[in-house]
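What follows is a set of notes on a single structure, which appears directly below.
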Amino acid sequence: MMRFLRWTAAVAAGLLLAGCGGSSGGDGEGDEGKAAGSAPPSAPGSPAAPSATALPASLTSQRLDWQRCGAVGDSPAPGGAWRCATLKVPLDWSHPDGKTIGVSLIRSRATGGDRIGALLFNFGGPGGSGVSTMPYFASAVSGLHQRYDLVSWDPRGVGESAGVRCRGDRETDAAESVDATPDTPAEEQAYFRDATDFGKGCRKAAGPLLAHVSTTDTARDMDLMRQVLGDGRLHYFGMSYGTELGGVYAHLFPGRVGRLVLDAVVDPTADMVGHAENQARGFQRALDDYLESTGQDPAQGSREIAGLLSRLDAEPLPTSSGRKLTQTLATTGIILPLYSEPSWPRLTSALKSARQGDGSELLALADEYNQRNASGRYGTMTHSQRVISCLDDKQRPTLAETKRRLARFERISPVFGDYLGWDTAGWCHDWPVPGQYDTPEVSAPGAAPILLVGNTGDPATPYEGTRRMADELGRGVGIELTWKGEGHGAYGSGSDCVDATVDAYLLKGTVPEDGKVCS
């Protein structure tokens, strides 16, 4: 089972497996990473940030040892000016003077003069590795790089920051046979048994960390990063789930908000079931747009795809690899190209092949989404995604509640509704630790203006979430920018209007008119 990722940037790059790990050799940056007391001034035009909450000097005064980035697994280290370091953060933020864990950071210094500070990036997920993604995204933000240090990190529980792996590759392959839309009592038992087993694996792998990987924990890590990197205010670019993280940060530290961009905005008013409904609506909308672009009637095309998935439920398709394309894998394969309009032709080809009896192309798309390589090795983004979201989400829908909701999900989306409806029951079923809230608190009275970028065709974080985030942040804080486009996210997706507006905000502090539309 898998909740659809709220993840940008890396989706287009094939859900990257590269990363930054151990270090080798210094880079001559020994004067960097000083405590907040030696910080440079805040961004031009911003008032002085309030004093930091008292934390142990062992945290606030730590000096980051920036070293050349090492390789992770089969992936080489990024070249050029990228350096990696490890930040000590409290395991439990309610006891900041207690046990610490290491959070892995990556940075490239500003390339030009008139430096503003560090610009932190979170690419979403939850569970996405910023350390592995940042170097691949740098070309898209080369203009920002002139005045900002580009910085990203693996959030706690992710990648090089005590990353959690809940089951092995063989177990993950075996789980492919579990029907994510069960039709019989036996299939229901297998579905929930798999969920229980996954949670037990996470508990064994993560130990005490499992209760301390929430979005709130990571937002507090971000503020410590800000201090140690030497900035009076936080400058941040959050994408997809990273927008929820940015909103939580703004709520916790409104006086420390610098220039924040939130692109592909998560609806902060939606609970677990609401998010699933939003994604059913968003991906169905994207599928309709895709079908219309190919000259098909969306309603008829959706019925045909739903029929294909129904046939696969009864009889999976053969593939060139010898593995079978199941209904669940086919759904995942259909989802991936909808994240990016340039990938739509891949969906056309894969669906054509499947109708002709060959599931190889849809399976390849599903493997890409699931981070499975040709050798059968899996990445761990979906593991981290689950441990973070199940600690955040308080809801634990029962089987009976889920079955009552299935008809509504199927009305929202004849293709994805059944899958996402069942996901609400299985995702956090029998989870070892309780969730923290129904919806995140993002109100940020008194914060500086935050730029919210919404894309009308966004499948994973539907456009309606942008207005809801603006309302929750508060009057005068959330400033909306709309792009009439397709795919997940807007910045760097082909709109000169969006890119120029975001750049002007981050580089010059120019806040656009609320409600500006780019088409």
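Naming works like this for the structure tokens: A, B, ... for the chains as they're shown, residue 1 at the start of each chain, ligands 1 onward in shown order.
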What are the closest atom pairs, with distances in Å to one decimal, for all residues of segment 314-408 of chain A lying within 8 Å of segment 159-169 of chain A? Consider only C-alpha atoms, order rows by chain and residue number, and present the result as a Markdown table.
| residue | atom | partner | partner_atom | distance |
| --- | --- | --- | --- | --- |
| A:Gly376 | CA | A:Asp169 | CA | 6.8 |
| A:Arg377 | CA | A:Asp169 | CA | 5.7 |
| A:Tyr378 | CA | A:Asp169 | CA | 6.0 |
| A:Thr380 | CA | A:Arg165 | CA | 6.0 |
| A:Met381 | CA | A:Gly159 | CA | 7.9 |
| A:His383 | CA | A:Arg165 | CA | 6.1 |
| A:Ser384 | CA | A:Val164 | CA | 6.1 |
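DSSP on the backbone gives strand (DSSP E) for these parts of segment 145-335 of chain A: Tyr148, Asp149, Leu150, Val151, Ser152, Trp153, Leu234, His235, Tyr236, Phe237, Gly238, Met239, Val257, Gly258, Arg259, Leu260, Val261, Leu262, Asp263, Leu317, Pro318, Lys324 and Leu325 of chain A.
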Written selection (C-alpha atoms) as a PDB file, in the first residue's frame:
ATOM      1  CA  TYR A 148      21.950  32.566  -1.280  1.00  0.00           C
ATOM      2  CA  ASP A 149      23.810  29.589   0.048  1.00  0.00           C
ATOM      3  CA  LEU A 150      21.729  26.653  -1.173  1.00  0.00           C
ATOM      4  CA  VAL A 151      21.076  24.350   1.781  1.00  0.00           C
ATOM      5  CA  SER A 152      19.022  21.214   2.204  1.00  0.00           C
ATOM      6  CA  TRP A 153      18.943  18.306   4.598  1.00  0.00           C
ATOM      7  CA  LEU A 234      14.755  31.783   8.161  1.00  0.00           C
ATOM      8  CA  HIS A 235      14.673  31.916   4.370  1.00  0.00           C
ATOM      9  CA  TYR A 236      12.983  28.817   3.028  1.00  0.00           C
ATOM     10  CA  PHE A 237      11.635  27.190  -0.154  1.00  0.00           C
ATOM     11  CA  GLY A 238       9.186  24.419   0.684  1.00  0.00           C
ATOM     12  CA  MET A 239       7.579  22.247  -1.971  1.00  0.00           C
ATOM     13  CA  VAL A 257      10.006  34.162   9.306  1.00  0.00           C
ATOM     14  CA  GLY A 258      12.193  35.702   6.624  1.00  0.00           C
ATOM     15  CA  ARG A 259      11.352  35.035   2.981  1.00  0.00           C
ATOM     16  CA  LEU A 260       9.304  31.839   2.717  1.00  0.00           C
ATOM     17  CA  VAL A 261       8.034  30.365  -0.549  1.00  0.00           C
ATOM     18  CA  LEU A 262       5.539  27.510  -0.364  1.00  0.00           C
ATOM     19  CA  ASP A 263       4.956  25.862  -3.768  1.00  0.00           C
ATOM     20  CA  LEU A 317      -0.287  -9.162 -16.732  1.00  0.00           C
ATOM     21  CA  PRO A 318       3.047 -10.735 -17.660  1.00  0.00           C
ATOM     22  CA  LYS A 324       3.573  -9.760 -12.788  1.00  0.00           C
ATOM     23  CA  LEU A 325       1.825  -6.412 -13.168  1.00  0.00           C
TER      24      LEU A 325
END
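With only C-alpha atoms as the atoms that count, the minimum distance from Asp367 of chain A to the choices A:Glu176, A:Tyr437, A:Trp82, A:Ser343 is reached by A:Glu176.
You can rank A:Ser495, A:Ser389, A:Gln296, A:Ser58 by their closest distance to Pro434 of chain A using only C-alpha atoms, and at the top of that list sits A:Ser389.
The neighbours of Ser519 of chain A here are the residues that come within 8 Å of it, using only C-alpha atoms and leaving out any residue fewer than 2 positions away in the same chain; they are Trp483, Lys484, Gly485, Ser495, Cys497 and Val517 of chain A.
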What's the 10 Å shell around Tyr249 of chain A, counting only C-alpha atoms, without same-chain residues fewer than 2 positions away, as a PDB file with N, CA and C atoms, in the first residue's frame?
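Produced file selection.pdb, reproduced below:
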ATOM      1  N   THR A 215       6.433  16.326  11.979  1.00  0.00           N
ATOM      2  CA  THR A 215       6.662  17.595  11.287  1.00  0.00           C
ATOM      3  C   THR A 215       7.057  18.686  12.276  1.00  0.00           C
ATOM      4  N   THR A 216       6.456  18.683  13.464  1.00  0.00           N
ATOM      5  CA  THR A 216       6.819  19.666  14.481  1.00  0.00           C
ATOM      6  C   THR A 216       8.266  19.499  14.924  1.00  0.00           C
ATOM      7  N   ASP A 217       8.707  18.256  15.112  1.00  0.00           N
ATOM      8  CA  ASP A 217      10.104  18.009  15.463  1.00  0.00           C
ATOM      9  C   ASP A 217      11.036  18.586  14.403  1.00  0.00           C
ATOM     10  N   THR A 218      10.710  18.345  13.133  1.00  0.00           N
ATOM     11  CA  THR A 218      11.570  18.829  12.050  1.00  0.00           C
ATOM     12  C   THR A 218      11.541  20.342  11.945  1.00  0.00           C
ATOM     13  N   ALA A 219      10.381  20.964  12.201  1.00  0.00           N
ATOM     14  CA  ALA A 219      10.315  22.436  12.193  1.00  0.00           C
ATOM     15  C   ALA A 219      11.244  23.013  13.261  1.00  0.00           C
ATOM     16  N   ARG A 220      11.312  22.389  14.408  1.00  0.00           N
ATOM     17  CA  ARG A 220      12.228  22.857  15.453  1.00  0.00           C
ATOM     18  C   ARG A 220      13.689  22.629  15.038  1.00  0.00           C
ATOM     19  N   ASP A 221      13.945  21.520  14.352  1.00  0.00           N
ATOM     20  CA  ASP A 221      15.291  21.307  13.809  1.00  0.00           C
ATOM     21  C   ASP A 221      15.674  22.437  12.862  1.00  0.00           C
ATOM     22  N   MET A 222      14.716  22.887  12.048  1.00  0.00           N
ATOM     23  CA  MET A 222      14.973  23.961  11.096  1.00  0.00           C
ATOM     24  C   MET A 222      15.393  25.241  11.808  1.00  0.00           C
ATOM     25  N   ASP A 223      14.748  25.531  12.941  1.00  0.00           N
ATOM     26  CA  ASP A 223      15.118  26.773  13.619  1.00  0.00           C
ATOM     27  C   ASP A 223      16.511  26.680  14.226  1.00  0.00           C
ATOM     28  N   LEU A 234      14.698  32.948   9.034  1.00  0.00           N
ATOM     29  CA  LEU A 234      14.755  31.783   8.161  1.00  0.00           C
ATOM     30  C   LEU A 234      14.265  32.136   6.766  1.00  0.00           C
ATOM     31  N   THR A 243       5.520  22.446   2.134  1.00  0.00           N
ATOM     32  CA  THR A 243       4.694  23.621   2.439  1.00  0.00           C
ATOM     33  C   THR A 243       4.017  23.464   3.795  1.00  0.00           C
ATOM     34  N   GLU A 244       3.604  22.241   4.125  1.00  0.00           N
ATOM     35  CA  GLU A 244       3.058  21.993   5.468  1.00  0.00           C
ATOM     36  C   GLU A 244       4.135  22.228   6.525  1.00  0.00           C
ATOM     37  N   LEU A 245       5.336  21.747   6.238  1.00  0.00           N
ATOM     38  CA  LEU A 245       6.454  21.969   7.155  1.00  0.00           C
ATOM     39  C   LEU A 245       6.718  23.457   7.327  1.00  0.00           C
ATOM     40  N   GLY A 246       6.672  24.209   6.241  1.00  0.00           N
ATOM     41  CA  GLY A 246       6.875  25.649   6.324  1.00  0.00           C
ATOM     42  C   GLY A 246       5.784  26.341   7.119  1.00  0.00           C
ATOM     43  N   GLY A 247       4.539  25.896   6.944  1.00  0.00           N
ATOM     44  CA  GLY A 247       3.443  26.481   7.707  1.00  0.00           C
ATOM     45  C   GLY A 247       3.567  26.203   9.191  1.00  0.00           C
ATOM     46  N   HIS A 251       4.079  28.949  12.270  1.00  0.00           N
ATOM     47  CA  HIS A 251       3.247  28.988  13.479  1.00  0.00           C
ATOM     48  C   HIS A 251       4.107  28.974  14.739  1.00  0.00           C
ATOM     49  N   LEU A 252       5.133  28.137  14.757  1.00  0.00           N
ATOM     50  CA  LEU A 252       5.979  28.023  15.941  1.00  0.00           C
ATOM     51  C   LEU A 252       6.871  29.243  16.139  1.00  0.00           C
ATOM     52  N   PHE A 253       7.331  29.828  15.026  1.00  0.00           N
ATOM     53  CA  PHE A 253       8.323  30.908  15.093  1.00  0.00           C
ATOM     54  C   PHE A 253       7.934  32.067  14.162  1.00  0.00           C
ATOM     55  N   PRO A 254       6.773  32.677  14.360  1.00  0.00           N
ATOM     56  CA  PRO A 254       6.336  33.717  13.410  1.00  0.00           C
ATOM     57  C   PRO A 254       7.299  34.888  13.311  1.00  0.00           C
ATOM     58  N   ARG A 256      10.437  34.804  13.358  1.00  0.00           N
ATOM     59  CA  ARG A 256      11.688  34.428  12.699  1.00  0.00           C
ATOM     60  C   ARG A 256      11.494  34.105  11.232  1.00  0.00           C
ATOM     61  N   VAL A 257      10.293  34.392  10.723  1.00  0.00           N
ATOM     62  CA  VAL A 257      10.006  34.162   9.306  1.00  0.00           C
ATOM     63  C   VAL A 257      10.709  35.228   8.473  1.00  0.00           C
ATOM     64  N   GLU A 441      -1.370  22.879  12.930  1.00  0.00           N
ATOM     65  CA  GLU A 441      -1.620  24.282  13.258  1.00  0.00           C
ATOM     66  C   GLU A 441      -0.612  25.138  12.502  1.00  0.00           C
ATOM     67  N   VAL A 442      -1.105  26.044  11.651  1.00  0.00           N
ATOM     68  CA  VAL A 442      -0.207  26.873  10.844  1.00  0.00           C
ATOM     69  C   VAL A 442      -0.490  28.361  10.990  1.00  0.00           C
ATOM     70  N   SER A 443      -1.380  28.751  11.889  1.00  0.00           N
ATOM     71  CA  SER A 443      -1.650  30.184  12.054  1.00  0.00           C
ATOM     72  C   SER A 443      -0.363  30.889  12.471  1.00  0.00           C
ATOM     73  N   ALA A 444      -0.099  32.036  11.857  1.00  0.00           N
ATOM     74  CA  ALA A 444       1.168  32.733  12.112  1.00  0.00           C
ATOM     75  C   ALA A 444       0.953  34.230  12.194  1.00  0.00           C
TER      76      ALA A 444
END
Quiz item: How many Å separate atom CA of Leu451 of chain A from atom CA of Asp271 of chain A?
Solution: 23.3 Å
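Secondary structure from DSSP on the backbone puts helix (DSSP H, G or I) at the following positions of segment 423-467 of chain A: Asp423, Thr424, Ala425, Gly426, Glu464, Gly465, Thr466 and Arg467 of chain A.
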Quiz prompt | Within 10 Å of Gly492 of chain A using only C-alpha atoms, minus same-chain residues under 4 positions, as number ranges by chain | solution = A: 9, 137, 139-141, 496, 498-499
Written selection (N, CA and C atoms) as a PDB file, in the first residue's frame:
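Printed below is selection03.pdb as written:
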ATOM      1  N   ALA A   9      10.251  18.124  -7.583  1.00  0.00           N
ATOM      2  CA  ALA A   9      11.658  18.167  -7.984  1.00  0.00           C
ATOM      3  C   ALA A   9      12.198  16.779  -8.301  1.00  0.00           C
ATOM      4  N   PHE A 137      18.717  19.861  -8.283  1.00  0.00           N
ATOM      5  CA  PHE A 137      17.783  20.974  -8.441  1.00  0.00           C
ATOM      6  C   PHE A 137      18.501  22.310  -8.580  1.00  0.00           C
ATOM      7  N   SER A 139      20.459  23.686 -10.728  1.00  0.00           N
ATOM      8  CA  SER A 139      20.427  24.409 -12.004  1.00  0.00           C
ATOM      9  C   SER A 139      19.136  25.190 -12.173  1.00  0.00           C
ATOM     10  N   ALA A 140      18.063  24.721 -11.547  1.00  0.00           N
ATOM     11  CA  ALA A 140      16.776  25.418 -11.648  1.00  0.00           C
ATOM     12  C   ALA A 140      16.739  26.686 -10.808  1.00  0.00           C
ATOM     13  N   VAL A 141      17.668  26.807  -9.870  1.00  0.00           N
ATOM     14  CA  VAL A 141      17.679  27.974  -8.985  1.00  0.00           C
ATOM     15  C   VAL A 141      19.038  28.683  -9.052  1.00  0.00           C
ATOM     16  N   ASP A 496       7.562  31.613 -17.070  1.00  0.00           N
ATOM     17  CA  ASP A 496       8.458  32.728 -16.787  1.00  0.00           C
ATOM     18  C   ASP A 496       7.845  33.669 -15.755  1.00  0.00           C
ATOM     19  N   VAL A 498       5.776  32.891 -13.215  1.00  0.00           N
ATOM     20  CA  VAL A 498       5.936  32.338 -11.863  1.00  0.00           C
ATOM     21  C   VAL A 498       7.368  32.490 -11.397  1.00  0.00           C
ATOM     22  N   ASP A 499       8.313  32.094 -12.247  1.00  0.00           N
ATOM     23  CA  ASP A 499       9.718  32.126 -11.835  1.00  0.00           C
ATOM     24  C   ASP A 499      10.176  33.537 -11.511  1.00  0.00           C
TER      25      ASP A 499
END
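Look at Arg323 of chain A: the protein and nucleic acid residues within 10 Å of it, using only C-alpha atoms and passing over chain neighbours fewer than 2 places away, are Asp173, Pro316, Leu317, Pro318, Thr319, Ser320, Ser321, Leu325, Thr326, Gly359, Ser360 and Leu363 of chain A.
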Could you write out that same residue set with C-alpha atoms as an mmCIF file, in the first residue's frame?
data_model
loop_
_atom_site.group_PDB
_atom_site.id
_atom_site.type_symbol
_atom_site.label_atom_id
_atom_site.label_comp_id
_atom_site.auth_asym_id
_atom_site.auth_seq_id
_atom_site.Cartn_x
_atom_site.Cartn_y
_atom_site.Cartn_z
ATOM 1 C CA ASP A 173 8.845 -7.638 -3.243
ATOM 2 C CA PRO A 316 -2.144 -9.767 -13.485
ATOM 3 C CA LEU A 317 -0.287 -9.162 -16.732
ATOM 4 C CA PRO A 318 3.047 -10.735 -17.660
ATOM 5 C CA THR A 319 6.106 -8.513 -18.093
ATOM 6 C CA SER A 320 9.515 -8.866 -19.708
ATOM 7 C CA SER A 321 11.124 -9.139 -16.260
ATOM 8 C CA LEU A 325 1.825 -6.412 -13.168
ATOM 9 C CA THR A 326 -0.824 -6.401 -10.455
ATOM 10 C CA GLY A 359 2.555 -4.914 -18.457
ATOM 11 C CA SER A 360 6.279 -4.124 -18.739
ATOM 12 C CA LEU A 363 5.649 -1.987 -14.134
#
Quiz item: With only C-alpha atoms as the atoms that count, which of A:Val415, A:Ala448, A:Cys69, A:Ala186 lies nearest to Arg281 of chain A?
Solution: A:Val415
Exercise. Write out as JSON, numbers by chain which residues come within 8 Å of Phe283 of chain A when counting only C-alpha atoms, dropping same-chain ones fewer than 3 positions away.
Key: {"A": [279, 280, 286, 287, 335, 338, 416, 458, 459, 460]}
May I have the selected residues written with C-alpha atoms, as a CSV table (one decimal), in the first residue's frame?
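Output contents, as saved in part.csv:
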chain,number,residue,atom,x,y,z
A,279,GLN,CA,-5.7,13.5,-3.8
A,280,ALA,CA,-8.4,11.4,-5.4
A,286,ALA,CA,-5.1,15.4,-13.9
A,287,LEU,CA,-6.1,12.2,-15.5
A,335,ILE,CA,0.1,7.8,-11.1
A,338,LEU,CA,0.6,12.5,-13.9
A,416,PHE,CA,-8.1,6.2,-7.9
A,458,ASP,CA,-1.7,20.0,-9.5
A,459,PRO,CA,-2.6,16.3,-8.8
A,460,ALA,CA,-0.9,15.6,-5.5
